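Everything below belongs to query35.txt, which stores compact mmCIF, C-alpha atoms.
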```
# COMPACT_ATOMS: atom_id res chain seq x y z
CA MET A 168 22.54 -27.37 -16.62
CA LYS A 169 19.45 -27.42 -14.45
CA ARG A 170 19.71 -28.59 -10.84
CA SER A 171 17.29 -30.28 -8.46
CA ASP A 172 16.39 -27.02 -6.71
CA LYS A 173 12.75 -27.86 -5.96
CA ARG A 174 12.65 -31.64 -6.49
CA ILE A 175 14.84 -34.49 -7.67
CA LEU A 176 15.07 -34.29 -11.46
CA THR A 177 15.15 -37.43 -13.60
CA THR A 178 17.17 -38.46 -16.64
CA HIS A 179 18.82 -41.55 -18.15
CA VAL A 180 22.12 -42.41 -19.82
CA GLY A 181 20.88 -41.90 -23.36
CA SER A 182 20.59 -45.01 -25.49
CA LEU A 183 17.06 -46.39 -25.85
CA ILE A 184 15.77 -49.44 -27.68
CA ARG A 185 15.16 -48.72 -31.36
CA PRO A 186 11.70 -49.37 -32.82
CA PRO A 187 11.36 -52.34 -35.25
CA GLU A 188 10.67 -50.17 -38.30
CA LEU A 189 13.91 -48.22 -37.77
CA ILE A 190 15.90 -51.41 -37.14
CA GLN A 191 14.90 -52.68 -40.58
CA PHE A 192 16.63 -49.74 -42.26
CA LEU A 193 19.67 -49.97 -39.99
CA ARG A 194 20.05 -53.67 -40.71
CA ALA A 195 19.91 -52.98 -44.44
CA LYS A 196 22.62 -50.33 -44.01
CA ARG A 197 24.82 -52.72 -42.04
CA ASN A 198 24.41 -55.52 -44.57
CA ARG A 199 24.84 -53.10 -47.47
CA ASP A 200 21.48 -54.08 -48.90
CA ALA A 201 19.41 -51.75 -51.04
CA TYR A 202 17.03 -49.44 -49.17
CA ASP A 203 15.11 -46.20 -49.74
CA GLU A 204 17.24 -43.38 -48.27
CA ASP A 205 14.37 -40.87 -48.17
CA ALA A 206 12.14 -43.39 -46.42
CA TYR A 207 14.92 -44.08 -43.92
CA GLN A 208 15.35 -40.39 -43.11
CA ARG A 209 11.58 -39.98 -42.60
CA CYS A 210 11.51 -43.04 -40.36
CA LEU A 211 14.42 -41.70 -38.33
CA THR A 212 12.76 -38.31 -37.84
CA ASP A 213 9.46 -39.89 -36.83
CA SER A 214 11.15 -42.37 -34.49
CA VAL A 215 13.02 -39.62 -32.66
CA ALA A 216 9.80 -37.59 -32.32
CA GLU A 217 7.95 -40.60 -30.88
CA THR A 218 10.62 -41.52 -28.33
CA VAL A 219 10.90 -37.88 -27.21
CA GLN A 220 7.14 -37.72 -26.73
CA HIS A 221 7.17 -40.97 -24.77
CA GLN A 222 9.94 -39.75 -22.47
CA ALA A 223 8.05 -36.54 -21.81
CA LYS A 224 4.77 -38.37 -21.27
CA ILE A 225 6.10 -40.53 -18.44
CA GLY A 226 7.61 -37.49 -16.74
CA LEU A 227 11.35 -37.63 -17.45
CA ASP A 228 13.00 -34.22 -17.12
CA VAL A 229 16.29 -34.37 -19.02
CA ILE A 230 15.97 -36.54 -22.12
CA SER A 231 17.84 -37.69 -25.23
CA ASP A 232 17.08 -38.73 -28.80
CA GLY A 233 17.70 -42.35 -27.82
CA GLU A 234 20.84 -42.32 -29.98
CA PHE A 235 18.62 -43.35 -32.86
CA GLY A 236 20.83 -41.64 -35.43
CA LYS A 237 23.78 -43.95 -34.74
CA SER A 238 23.75 -46.96 -37.02
CA ILE A 239 26.52 -48.75 -35.12
CA SER A 240 27.18 -49.05 -31.39
CA TRP A 241 27.59 -46.23 -28.83
CA SER A 242 31.38 -46.27 -29.36
CA GLN A 243 31.87 -47.65 -32.86
CA TYR A 244 29.57 -45.07 -34.48
CA VAL A 245 32.55 -42.72 -34.79
CA LEU A 246 33.87 -44.95 -37.57
CA GLU A 247 31.28 -43.18 -39.71
CA ARG A 248 32.35 -39.75 -38.49
CA LEU A 249 36.16 -39.91 -38.34
CA ALA A 250 38.58 -40.15 -41.23
CA GLY A 251 41.83 -42.08 -40.82
CA PHE A 252 40.54 -45.53 -39.80
CA GLU A 253 39.80 -48.73 -41.65
CA SER A 254 38.18 -51.98 -40.54
CA ARG A 255 39.82 -55.34 -41.12
CA PRO A 256 39.01 -58.94 -40.22
CA SER A 257 40.40 -59.87 -36.83
CA THR A 258 43.95 -61.18 -37.15
CA SER A 259 43.31 -63.66 -34.35
CA GLY A 260 39.99 -64.91 -35.68
CA HIS A 261 38.34 -64.09 -32.35
CA ASP A 262 36.17 -61.24 -31.13
CA PRO A 263 38.73 -58.50 -30.30
CA TYR A 264 36.52 -57.23 -27.49
CA ALA A 265 36.01 -60.60 -25.77
CA TYR A 266 38.82 -60.66 -23.23
CA GLY A 267 39.52 -59.75 -19.62
CA ALA A 268 39.87 -61.25 -16.14
CA ASP A 269 36.12 -61.68 -15.66
CA ARG A 270 35.87 -63.66 -18.89
CA GLN A 271 38.73 -65.90 -17.88
CA ARG A 272 37.14 -66.75 -14.56
CA PHE A 273 33.66 -67.36 -16.00
CA ALA A 274 34.58 -68.67 -19.45
CA GLU A 275 31.62 -71.07 -19.72
CA PHE A 276 29.12 -68.37 -18.81
CA TYR A 277 30.54 -65.93 -21.36
CA GLU A 278 30.54 -68.59 -24.04
CA GLU A 279 26.78 -68.99 -23.55
CA MET A 280 26.22 -65.23 -23.40
CA ASP A 281 28.18 -64.59 -26.59
CA ALA A 282 26.25 -67.30 -28.41
CA ARG A 283 22.98 -65.74 -27.34
CA ASP A 284 24.12 -62.24 -28.33
CA GLY A 285 25.31 -63.34 -31.75
CA GLY A 286 29.01 -63.97 -31.23
CA ALA A 287 31.77 -61.70 -32.49
CA ARG A 288 30.83 -58.08 -33.10
CA GLY A 289 33.54 -57.04 -35.53
CA GLY A 290 37.18 -57.20 -36.54
CA ASP A 291 40.13 -54.93 -35.98
CA VAL A 292 39.97 -51.17 -36.48
CA VAL A 293 43.28 -49.69 -37.58
CA CYS A 294 44.41 -46.08 -37.83
CA VAL A 295 46.06 -45.75 -41.24
CA GLY A 296 46.08 -41.98 -41.80
CA PRO A 297 45.56 -38.55 -40.20
CA ILE A 298 42.44 -38.45 -38.03
CA SER A 299 39.87 -35.74 -38.70
CA TYR A 300 36.17 -35.22 -38.07
CA THR A 301 33.93 -35.71 -41.11
CA GLY A 302 30.53 -36.31 -39.51
CA GLN A 303 29.21 -32.75 -39.39
CA ALA A 304 26.25 -33.41 -41.71
CA GLU A 305 25.14 -36.55 -39.90
CA LEU A 306 25.50 -34.90 -36.49
CA GLN A 307 23.57 -31.82 -37.61
CA ARG A 308 20.79 -34.09 -38.85
CA ASP A 309 20.59 -35.70 -35.38
CA ILE A 310 20.61 -32.29 -33.70
CA ASP A 311 17.86 -30.97 -35.98
CA ASN A 312 15.66 -34.05 -35.48
CA PHE A 313 16.07 -33.85 -31.72
CA LYS A 314 15.45 -30.11 -31.41
CA ALA A 315 12.35 -30.34 -33.61
CA ALA A 316 10.98 -33.07 -31.32
CA LEU A 317 11.91 -31.13 -28.16
CA ALA A 318 9.98 -28.10 -29.40
CA LYS A 319 6.75 -30.11 -29.15
CA VAL A 320 7.11 -31.33 -25.55
CA ASN A 321 7.52 -29.84 -22.10
CA VAL A 322 10.77 -31.11 -20.57
CA THR A 323 13.58 -29.49 -18.61
CA GLU A 324 16.52 -30.09 -20.96
CA GLY A 325 17.85 -32.26 -23.76
CA PHE A 326 21.23 -33.94 -24.15
CA LEU A 327 23.07 -35.94 -26.80
CA PRO A 328 25.47 -38.74 -25.79
CA VAL A 329 28.80 -39.11 -27.61
CA ALA A 330 31.98 -41.12 -27.05
CA ALA A 331 34.98 -39.97 -25.02
CA PRO A 332 38.44 -40.28 -26.60
CA ALA A 333 39.15 -43.37 -24.47
CA SER A 334 35.95 -45.06 -25.60
CA ALA A 335 35.84 -43.97 -29.24
CA ILE A 336 36.70 -47.09 -31.23
CA PRO A 337 38.07 -49.05 -28.24
CA ASP A 338 40.90 -51.52 -28.84
CA ARG A 339 41.91 -49.57 -31.94
CA LYS A 340 45.28 -50.28 -33.49
CA ASN A 341 47.79 -47.72 -34.71
CA GLU A 342 49.79 -47.87 -37.92
CA TYR A 343 50.14 -44.16 -38.59
CA TYR A 344 51.09 -42.09 -35.53
CA GLN A 345 54.42 -42.37 -33.76
CA SER A 346 52.78 -43.35 -30.47
CA GLU A 347 49.46 -44.35 -28.93
CA GLU A 348 49.40 -41.04 -27.11
CA ASP A 349 49.78 -39.11 -30.37
CA MET A 350 46.85 -41.04 -31.83
CA LEU A 351 44.80 -40.37 -28.68
CA HIS A 352 45.30 -36.61 -28.91
CA ALA A 353 44.41 -36.68 -32.61
CA ILE A 354 41.13 -38.39 -31.70
CA ALA A 355 40.52 -35.82 -28.96
CA ASP A 356 41.08 -32.94 -31.38
CA ALA A 357 38.67 -34.50 -33.87
CA MET A 358 35.96 -35.33 -31.29
CA ARG A 359 36.07 -31.76 -30.01
CA THR A 360 34.18 -30.80 -33.18
CA GLU A 361 31.33 -33.09 -32.15
CA TYR A 362 31.24 -31.92 -28.53
CA LYS A 363 31.26 -28.26 -29.50
CA MET A 364 28.60 -28.60 -32.22
CA ILE A 365 26.15 -30.12 -29.74
CA VAL A 366 26.63 -27.38 -27.16
CA ASP A 367 26.63 -24.61 -29.77
CA ASN A 368 23.17 -25.85 -30.80
CA GLY A 369 21.78 -25.31 -27.31
CA LEU A 370 21.94 -28.89 -26.02
CA LEU A 371 23.87 -30.59 -23.24
CA VAL A 372 26.64 -32.95 -24.33
CA GLN A 373 27.15 -36.22 -22.48
CA VAL A 374 30.57 -37.79 -22.93
CA ASP A 375 30.34 -41.57 -22.49
CA ASP A 376 33.43 -43.28 -21.13
CA ALA A 377 32.80 -46.88 -20.11
CA ARG A 378 36.35 -47.75 -21.10
CA ALA A 379 37.76 -45.62 -18.28
CA ALA A 380 36.57 -48.20 -15.76
CA VAL A 381 36.31 -51.32 -17.93
CA THR A 382 39.98 -51.17 -18.96
CA TYR A 383 41.03 -52.24 -15.46
CA ASP A 384 39.50 -55.67 -16.12
CA ARG A 385 41.33 -55.76 -19.46
CA GLN A 386 44.75 -54.62 -18.23
CA VAL A 387 45.27 -55.78 -14.63
CA PRO A 388 46.96 -58.24 -14.72
CA PRO A 389 49.42 -58.35 -16.42
CA LYS A 390 49.84 -54.59 -15.98
CA THR A 391 50.04 -53.06 -12.52
CA PHE A 392 47.36 -50.94 -10.91
CA LYS A 393 49.61 -47.89 -11.23
CA GLN A 394 50.01 -48.48 -14.95
CA TYR A 395 46.24 -48.67 -15.28
CA ARG A 396 45.78 -45.40 -13.37
CA ASP A 397 48.42 -43.74 -15.54
CA TRP A 398 46.49 -44.91 -18.61
CA VAL A 399 43.23 -43.44 -17.25
CA ALA A 400 44.93 -40.17 -16.28
CA MET A 401 46.35 -39.79 -19.79
CA HIS A 402 42.90 -40.22 -21.31
CA MET A 403 41.32 -37.81 -18.81
CA ASP A 404 43.85 -35.17 -19.79
CA ALA A 405 43.07 -35.78 -23.47
CA LEU A 406 39.36 -35.41 -22.77
CA ASN A 407 39.88 -32.16 -20.89
CA HIS A 408 41.87 -30.91 -23.87
CA ALA A 409 38.96 -31.77 -26.16
CA LEU A 410 36.52 -29.95 -23.86
CA GLU A 411 38.54 -26.73 -23.57
CA GLY A 412 36.39 -23.65 -24.10
CA ILE A 413 33.11 -25.54 -23.70
CA PRO A 414 31.21 -24.37 -20.58
CA GLU A 415 31.46 -27.02 -17.87
CA GLU A 416 27.79 -26.61 -16.99
CA LYS A 417 26.93 -27.91 -20.46
CA ILE A 418 28.89 -31.17 -20.03
CA ARG A 419 27.86 -34.50 -18.48
CA TYR A 420 30.53 -37.17 -18.03
CA HIS A 421 29.34 -40.78 -17.87
CA VAL A 422 31.34 -43.66 -16.37
CA CYS A 423 30.12 -47.23 -15.95
CA TRP A 424 31.63 -50.70 -15.67
CA GLY A 425 30.27 -51.99 -18.97
CA SER A 426 26.68 -52.75 -19.89
CA TRP A 427 26.89 -56.51 -20.26
CA PRO A 428 24.96 -58.63 -17.72
CA GLY A 429 27.98 -60.54 -16.43
CA PRO A 430 29.45 -61.30 -12.98
CA HIS A 431 31.65 -58.16 -12.90
CA THR A 432 33.79 -59.64 -10.14
CA THR A 433 36.92 -57.92 -11.43
CA ASP A 434 35.56 -54.37 -11.72
CA VAL A 435 37.78 -51.64 -10.35
CA PRO A 436 36.30 -50.10 -7.16
CA LEU A 437 34.91 -46.59 -7.50
CA LYS A 438 37.02 -45.39 -4.57
CA ASP A 439 40.17 -46.21 -6.54
CA ILE A 440 39.31 -44.02 -9.54
CA VAL A 441 36.89 -41.41 -8.22
CA ASP A 442 39.67 -38.81 -8.03
CA LEU A 443 40.40 -39.37 -11.72
CA ILE A 444 36.71 -39.11 -12.63
CA LEU A 445 36.40 -35.80 -10.79
CA ARG A 446 39.45 -34.59 -12.70
CA VAL A 447 37.27 -34.26 -15.80
CA LYS A 448 36.04 -30.69 -16.20
CA ALA A 449 32.33 -31.44 -16.41
CA GLY A 450 29.27 -30.02 -14.72
CA ALA A 451 27.83 -33.43 -13.88
CA TYR A 452 29.10 -36.95 -13.30
CA VAL A 453 26.82 -39.78 -14.43
CA ILE A 454 27.98 -42.86 -12.51
CA GLU A 455 26.60 -46.38 -12.31
CA GLY A 456 25.14 -47.05 -8.86
CA ALA A 457 22.35 -49.64 -9.01
CA ASN A 458 24.49 -52.55 -10.22
CA PRO A 459 24.70 -55.02 -7.27
CA ARG A 460 28.50 -54.98 -7.59
CA HIS A 461 28.53 -51.21 -7.10
CA GLU A 462 25.40 -50.14 -5.22
CA HIS A 463 27.30 -50.09 -1.92
CA GLU A 464 29.64 -47.46 -3.34
CA TRP A 465 27.26 -44.63 -2.52
CA GLU A 466 29.26 -44.55 0.71
CA VAL A 467 32.24 -43.25 -1.25
CA TRP A 468 30.50 -39.88 -1.26
CA LYS A 469 30.58 -39.76 2.54
CA SER A 470 34.30 -39.09 2.39
CA VAL A 471 34.78 -37.75 -1.15
CA LYS A 472 33.66 -34.16 -1.59
CA LEU A 473 31.76 -33.37 -4.77
CA PRO A 474 33.43 -30.27 -6.29
CA LYS A 475 31.49 -27.06 -5.77
CA GLY A 476 28.94 -26.38 -8.48
CA ARG A 477 28.96 -29.96 -9.79
CA VAL A 478 26.06 -32.41 -9.96
CA LEU A 479 26.04 -36.14 -9.22
CA ILE A 480 23.79 -38.24 -11.46
CA PRO A 481 23.84 -41.72 -9.94
CA GLY A 482 22.31 -44.78 -11.52
CA VAL A 483 19.41 -45.86 -9.29
CA ILE A 484 17.84 -48.36 -11.70
CA SER A 485 19.61 -51.07 -13.68
CA HIS A 486 19.54 -51.36 -17.45
CA ALA A 487 20.69 -55.00 -17.36
CA THR A 488 17.93 -56.82 -15.47
CA ASN A 489 14.26 -57.36 -16.33
CA VAL A 490 13.26 -56.85 -12.71
CA VAL A 491 11.53 -53.47 -12.37
CA GLU A 492 12.81 -51.67 -9.28
CA HIS A 493 10.22 -50.62 -6.70
CA PRO A 494 9.83 -46.83 -6.47
CA GLU A 495 10.43 -46.98 -2.69
CA LEU A 496 13.81 -48.63 -3.28
CA ILE A 497 14.67 -45.97 -5.85
CA ALA A 498 13.71 -43.29 -3.32
CA GLN A 499 15.92 -44.89 -0.66
CA ARG A 500 18.87 -44.86 -3.03
CA LEU A 501 18.31 -41.23 -3.95
CA ILE A 502 17.95 -40.12 -0.33
CA ARG A 503 21.27 -41.77 0.55
CA TYR A 504 23.02 -39.80 -2.19
CA ALA A 505 21.21 -36.59 -1.24
CA GLU A 506 22.34 -36.92 2.36
CA CYS A 507 25.94 -37.20 1.15
CA VAL A 508 26.16 -34.45 -1.46
CA GLY A 509 23.01 -32.35 -0.97
CA ARG A 510 19.59 -32.87 -2.51
CA GLU A 511 20.03 -30.05 -5.04
CA ASN A 512 23.14 -31.80 -6.38
CA VAL A 513 21.44 -35.11 -7.25
CA ILE A 514 19.63 -36.12 -10.45
CA ALA A 515 18.16 -39.62 -10.77
CA SER A 516 19.35 -41.77 -13.65
CA THR A 517 19.87 -45.26 -15.03
CA ASP A 518 23.13 -47.20 -14.77
CA CYS A 519 23.73 -47.31 -18.52
CA GLY A 520 21.89 -47.28 -21.83
CA PHE A 521 19.18 -49.85 -22.52
CA ALA A 522 20.61 -50.60 -25.97
CA GLN A 523 24.32 -50.67 -26.74
CA GLY A 524 23.55 -50.43 -30.44
CA PRO A 525 20.66 -50.90 -32.84
CA PHE A 526 20.81 -54.69 -32.59
CA MET A 527 21.69 -55.26 -28.94
CA ARG A 528 19.30 -54.56 -26.12
CA ARG A 529 19.39 -55.57 -22.45
CA VAL A 530 15.66 -55.73 -21.64
CA HIS A 531 12.33 -55.84 -23.47
CA PRO A 532 11.06 -52.40 -24.61
CA SER A 533 8.00 -52.64 -22.36
CA ILE A 534 10.26 -53.26 -19.36
CA MET A 535 12.50 -50.35 -20.33
CA TRP A 536 9.56 -47.96 -20.15
CA ALA A 537 8.29 -49.55 -16.92
CA LYS A 538 11.70 -48.99 -15.33
CA LEU A 539 11.77 -45.36 -16.41
CA GLU A 540 8.26 -44.88 -15.01
CA ALA A 541 9.46 -46.37 -11.73
CA LEU A 542 12.42 -43.96 -11.81
CA VAL A 543 10.06 -41.00 -12.05
CA ALA A 544 7.84 -42.37 -9.26
CA GLY A 545 10.84 -43.02 -7.01
CA ALA A 546 12.16 -39.50 -7.55
CA ARG A 547 8.76 -38.10 -6.53
CA ILE A 548 8.79 -40.12 -3.30
CA ALA A 549 12.35 -39.02 -2.53
CA SER A 550 11.47 -35.39 -3.29
CA LYS A 551 8.50 -35.46 -0.94
CA LYS A 552 10.65 -36.80 1.88
CA LEU A 553 13.59 -34.51 1.19
CA TRP A 554 11.61 -31.28 0.71
CA SER A 555 8.84 -31.65 3.30
CA ALA A 556 8.95 -33.96 6.30
CA PRO A 557 12.70 -33.94 6.94
CA ARG A 558 12.89 -30.15 6.86
CA LYS A 559 10.07 -29.75 9.40
CA ALA A 560 11.65 -32.31 11.70
CA VAL A 561 14.99 -30.54 11.62
CA ALA A 562 13.40 -27.15 12.34
CA LYS A 563 11.58 -28.43 15.48
CA ALA A 564 14.26 -30.76 16.76
CA PRO A 565 16.19 -28.24 18.95
CA ALA A 566 13.07 -27.12 20.88
CA ARG A 567 12.03 -30.70 21.59
CA LYS A 568 15.47 -31.61 22.88
CA VAL A 569 15.52 -28.70 25.35
CA ALA A 570 12.09 -29.60 26.72
CA LYS A 571 13.07 -33.23 27.24
CA LYS A 572 16.20 -32.29 29.14
CA LYS A 573 14.70 -29.82 31.66
CA ALA A 574 10.94 -30.13 32.01
CA PRO A 575 10.64 -33.83 32.95
CA LYS A 576 13.21 -33.57 35.77
CA GLN A 577 11.44 -30.58 37.36
CA ALA A 578 8.02 -32.16 37.10
CA THR A 579 9.22 -35.40 38.69
CA ALA A 580 10.80 -33.58 41.61
CA LYS A 581 7.64 -31.61 42.33
CA ALA A 582 5.48 -34.70 42.13
CA LYS A 583 7.53 -36.44 44.82
CA VAL A 584 7.25 -33.44 47.17
CA VAL A 585 3.48 -33.31 46.78
CA ARG A 586 3.07 -37.01 47.58
CA LEU A 587 5.30 -36.86 50.66
CA LYS A 588 3.52 -33.86 52.15
CA ALA A 589 -0.03 -35.01 51.60
CA PRO A 590 -2.40 -33.66 54.33
CA ALA A 591 -3.34 -35.97 57.26
CA ARG A 592 -6.95 -36.89 58.07
CA GLY A 593 -7.10 -34.18 60.74
CA GLY A 594 -6.12 -31.53 58.25
CA ARG A 595 -2.62 -31.14 59.59
CA ALA A 596 0.38 -31.84 57.48
CA ARG A 597 1.96 -35.16 58.43
CA PRO A 598 5.75 -35.36 58.45
CA ALA A 599 7.20 -37.24 55.56
CA LYS A 600 9.00 -39.61 57.96
CA ALA A 601 8.56 -39.83 61.78
CA SER A 602 11.55 -40.13 64.12
CA PRO A 603 12.12 -43.54 65.91
CA GLY A 604 11.11 -42.15 69.32
CA ARG A 605 7.91 -40.70 67.98
CA ARG A 606 6.99 -43.97 66.29
CA GLN A 607 7.51 -45.84 69.61
CA LYS A 608 5.19 -43.48 71.56
CA ALA A 609 2.50 -43.78 68.90
CA ALA A 610 2.66 -47.59 69.14
CA SER A 611 2.26 -47.47 72.98
CA ARG A 612 -0.81 -45.28 72.73
CA ARG A 613 -2.41 -47.68 70.26
CA ARG A 614 -1.83 -50.61 72.62
CA ALA A 615 -3.27 -48.66 75.56
CA ARG A 616 -6.44 -47.99 73.56
```
Show me, as C-alpha cells, the structure contained in the file I just sent.
Amino acid sequence: MKRSDKRILTTHVGSLIRPPELIQFLRAKRNRDAYDEDAYQRCLTDSVAETVQHQAKIGLDVISDGEFGKSISWSQYVLERLAGFESRPSTSGHDPYAYGADRQRFAEFYEEMDARDGGARGGDVVCVGPISYTGQAELQRDIDNFKAALAKVNVTEGFLPVAAPASAIPDRKNEYYQSEEDMLHAIADAMRTEYKMIVDNGLLVQVDDARAAVTYDRQVPPKTFKQYRDWVAMHMDALNHALEGIPEEKIRYHVCWGSWPGPHTTDVPLKDIVDLILRVKAGAYVIEGANPRHEHEWEVWKSVKLPKGRVLIPGVISHATNVVEHPELIAQRLIRYAECVGRENVIASTDCGFAQGPFMRRVHPSIMWAKLEALVAGARIASKKLWSAPRKAVAKAPARKVAKKKAPKQATAKAKVVRLKAPARGGRARPAKASPGRRQKAASRRRAR
C-alpha cells in the first residue's frame, strides 16, 4: 500500500453512481426480464473502463471499479456469491432493515425518506445449508475488467471493495448452524476466498463494515453497551480469521455510520469503538469524518495512537449532501489529521460510497464528480502547506526565538545609556542627574546674571 510520502494521496470508499445504460441491464436482471447477456457484459466492461478513466482524469490516486459488477447492494451482493442462503418475504410485512433508535425518534422523517427511496428493499435472508463461496467466476470477471482498465491509465493503485463478515447479508437469519457464532465463522471462511483472490491478483482489498458501527443504533437499547461491544469484538475476531495470511499492507478496513442522510443522533461515538477498529489487522483504516455528527472526532487521534506502519484514510467530503465542499475546508480537515498522526500516514477520502447499490444514489452524478475534484484540489492545498511552508517555519523557529530573548534587551539597555550621557553644549559630558546642592548653586548663578 502506497503512503503519502511526498504529498497527500487521494482515494474514495469505492461505490460510484452507475451509468444509465448499465442500470438498464441491472434492472432487467433484478426483475428477471429478458436481456442480452453478451451485450450486458460488453456494457459492464465499457462502463468500468470509462469510470476508471474519469477517476484518473480528475487526479484521484487510489481508485476502484465503482463496484459496477455488483447487481445488488454493497452488502447484499454476496447472495449471488455464497451458497447456503435463500430469500423469503418478510415475516413481519415490513422492511427488515428499517429499525433502530434513530428511526423511532424521527419516525415521520424516515417515513418520508423511505417513500422517496422506494420503500422496503427486500425480505428475510435465511441460512438453510452449509455456507460456501461460489462467486469465483463473477469476481474474476470484475478483477479482469478492472485490471484491463487500470492498464490504460496512470494512477497509484487500485482497490476492490467487498463486505466484511458482519456486513455480509446483514440481519440474516439462521436455520442451519447451531449458533449465530458458528454461522458467522462459516461466512468468514467463505469470504476469505474473495479477499484472497483480490490480493492474489495484485489489487488492494477494502473490507466494508458499516454494520460494526450501525449495529449500536439497532441494539442499544434494549441490549447494554457491553453486549454491543462484545458483538463487535466477536465479528472483528471473525474478520481477522478471514484475513489470516493476507499481507496487512494489502488490506483497507472501512467503517462508517451508515450512508443514509438521516439525523444520526444515536450513532455510537468513535472514541467508544476505536480500540475495536484498530484490532482489525489491516494496513489502513477508512473512517467517516466529514459527517457533521462525526467531524469533531478527528480529536480522537490526539490521544489514540495509530499503530506503527498503519495509514488513516479519513472521510473529508460527504457522500450524502449535494453541497460541494470547498477545497480550503478539505485542506483544513486533512491538516488536522496530519498533525495528529503524521502527514505520511494520511490519505484523503470520502465518508462512504456515492451509491449503495445500482438503484440508490445519494447525490447527482455531476455533483459526485465535482466533490471528487474538490477532494483532489483540497489535498493539493494541504500538501503544499504540509510539505513547504510549515517545514521552513519549524526549521527557523529556534534561531528567531533566541534572538528575541537576548538581542532586544541588550539594545534597549545601550540606548538608555547613550541618551543619558549625551554631550553638553560645551563639549563636556553632562552628568545624568545633578546632586541637590549643585542644582541650587546653578539656580543662584542664573538669578545673579
Quiz item: range 293-307 of chain A: which residues within 9 Å, counting all atoms listed in the file, same-chain residues fewer than 2 positions away excluded, as an MDAnalysis selection string?
Solution: chainID A and resid 236 245 247:255 291 309:312 339:344 350 353:354 356:361 364:365
Quiz item: For His352 in chain A, which residue out of A:Asn407, A:Gln222, A:Gln191, A:Thr177 is the nearest one, using only C-alpha atoms?
Solution: A:Asn407
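Using only C-alpha atoms for every distance, the candidate list A:Ala546, A:Cys507, A:Met535, A:Leu443 yields A:Leu443 as the residue closest to Asp397 in chain A.
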Exercise. Go through A:Ile175, A:Ala405, A:Gly369, A:Pro389 one by one, measure the shortest atom-to-atom distance of each to Tyr504 in chain A using all atoms listed in the file, and give the residue with the smallest value.
Key: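 Using all atoms listed in the file, Tyr504 in chain A sits closest to A:Ile175.
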Which residues are close to Gly450 in chain A, i.e. within 12 Å by all atoms listed in the file, leaving aside same-chain residues fewer than 4 positions away? Reply as a PDB file with C-alpha atoms, keeping the file's coordinate frame.
```pdb
ATOM      1  CA  MET A 168      22.540 -27.370 -16.620  1.00  0.00           C
ATOM      2  CA  LYS A 169      19.450 -27.420 -14.450  1.00  0.00           C
ATOM      3  CA  ARG A 170      19.710 -28.590 -10.840  1.00  0.00           C
ATOM      4  CA  LEU A 371      23.870 -30.590 -23.240  1.00  0.00           C
ATOM      5  CA  VAL A 372      26.640 -32.950 -24.330  1.00  0.00           C
ATOM      6  CA  GLN A 373      27.150 -36.220 -22.480  1.00  0.00           C
ATOM      7  CA  VAL A 374      30.570 -37.790 -22.930  1.00  0.00           C
ATOM      8  CA  LEU A 410      36.520 -29.950 -23.860  1.00  0.00           C
ATOM      9  CA  ILE A 413      33.110 -25.540 -23.700  1.00  0.00           C
ATOM     10  CA  PRO A 414      31.210 -24.370 -20.580  1.00  0.00           C
ATOM     11  CA  GLU A 415      31.460 -27.020 -17.870  1.00  0.00           C
ATOM     12  CA  GLU A 416      27.790 -26.610 -16.990  1.00  0.00           C
ATOM     13  CA  LYS A 417      26.930 -27.910 -20.460  1.00  0.00           C
ATOM     14  CA  ILE A 418      28.890 -31.170 -20.030  1.00  0.00           C
ATOM     15  CA  ARG A 419      27.860 -34.500 -18.480  1.00  0.00           C
ATOM     16  CA  TYR A 420      30.530 -37.170 -18.030  1.00  0.00           C
ATOM     17  CA  HIS A 421      29.340 -40.780 -17.870  1.00  0.00           C
ATOM     18  CA  ILE A 444      36.710 -39.110 -12.630  1.00  0.00           C
ATOM     19  CA  LEU A 445      36.400 -35.800 -10.790  1.00  0.00           C
ATOM     20  CA  ARG A 446      39.450 -34.590 -12.700  1.00  0.00           C
ATOM     21  CA  LEU A 473      31.760 -33.370  -4.770  1.00  0.00           C
ATOM     22  CA  PRO A 474      33.430 -30.270  -6.290  1.00  0.00           C
ATOM     23  CA  LYS A 475      31.490 -27.060  -5.770  1.00  0.00           C
ATOM     24  CA  GLY A 476      28.940 -26.380  -8.480  1.00  0.00           C
ATOM     25  CA  ARG A 477      28.960 -29.960  -9.790  1.00  0.00           C
ATOM     26  CA  VAL A 478      26.060 -32.410  -9.960  1.00  0.00           C
ATOM     27  CA  LEU A 479      26.040 -36.140  -9.220  1.00  0.00           C
ATOM     28  CA  ILE A 480      23.790 -38.240 -11.460  1.00  0.00           C
ATOM     29  CA  ASN A 512      23.140 -31.800  -6.380  1.00  0.00           C
ATOM     30  CA  VAL A 513      21.440 -35.110  -7.250  1.00  0.00           C
TER      31      VAL A 513
END
```
Quiz item: When you draw a straight line from CA of Ser240 in chain A to CA of Asn198 in chain A, how long is it in Å?
Solution: 14.9 Å
Axis-aligned box for all listed atoms of range 509-520 of chain A, 6 Å per side, centre and edges in Å to one decimal, as JSON:
```
{"center_x": 20.9, "center_y": -38.7, "center_z": -11.4, "size_x": 17.6, "size_y": 29.3, "size_z": 32.9}
```
Quiz item: Of the candidates A:Val467, A:Cys519, A:Ile484, A:Ala537, which shows the shortest atom-to-atom distance to Arg503 in chain A, using all atoms listed in the file?
Solution: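 Using all atoms listed in the file, Arg503 in chain A sits closest to A:Val467.
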Quiz item: So, counting only C-alpha atoms, which residue among A:Tyr383, A:Trp465, A:Trp427, A:Tyr362 is closest to Arg528 in chain A?
Solution: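 Checking each candidate against Arg528 in chain A, we get A:Trp427 as the closest.
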Quiz item: A:Ser238, A:Ser346, A:Asn368, A:Ser555: which is nearest Met527 in chain A, counting all atoms listed in the file?
Solution: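 Nearest candidate to Met527 in chain A out of A:Ser238, A:Ser346, A:Asn368, A:Ser555: A:Ser238.
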Practice problem: May I have the residues within 12 Å of Lys314 in chain A as a list of chain:residue names, using only C-alpha atoms and disregarding those fewer than 4 positions away in the same chain? | Solution: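 Those residues are A:Thr212, A:Val215, A:Ala216, A:Val219, A:Ile230, A:Ser231, A:Asp232, A:Gln307, A:Arg308, A:Asp309, A:Ile310, A:Ala318, A:Lys319, A:Val320, A:Val322, A:Glu324, A:Gly325, A:Phe326, A:Leu327, A:Ile365, A:Asn368, A:Gly369, A:Leu370, A:Leu371.
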Practice problem: Name the residues in contact with Lys538 in chain A at a cut-off of 12 Å, using only C-alpha atoms, excluding same-chain residues fewer than 6 positions from it; report them as JSON, numbers by chain. | Solution: {"A": [178, 179, 222, 225, 227, 483, 484, 485, 486, 487, 488, 489, 490, 491, 492, 493, 494, 497, 516, 517, 518, 521, 530, 531, 532, 544, 545]}
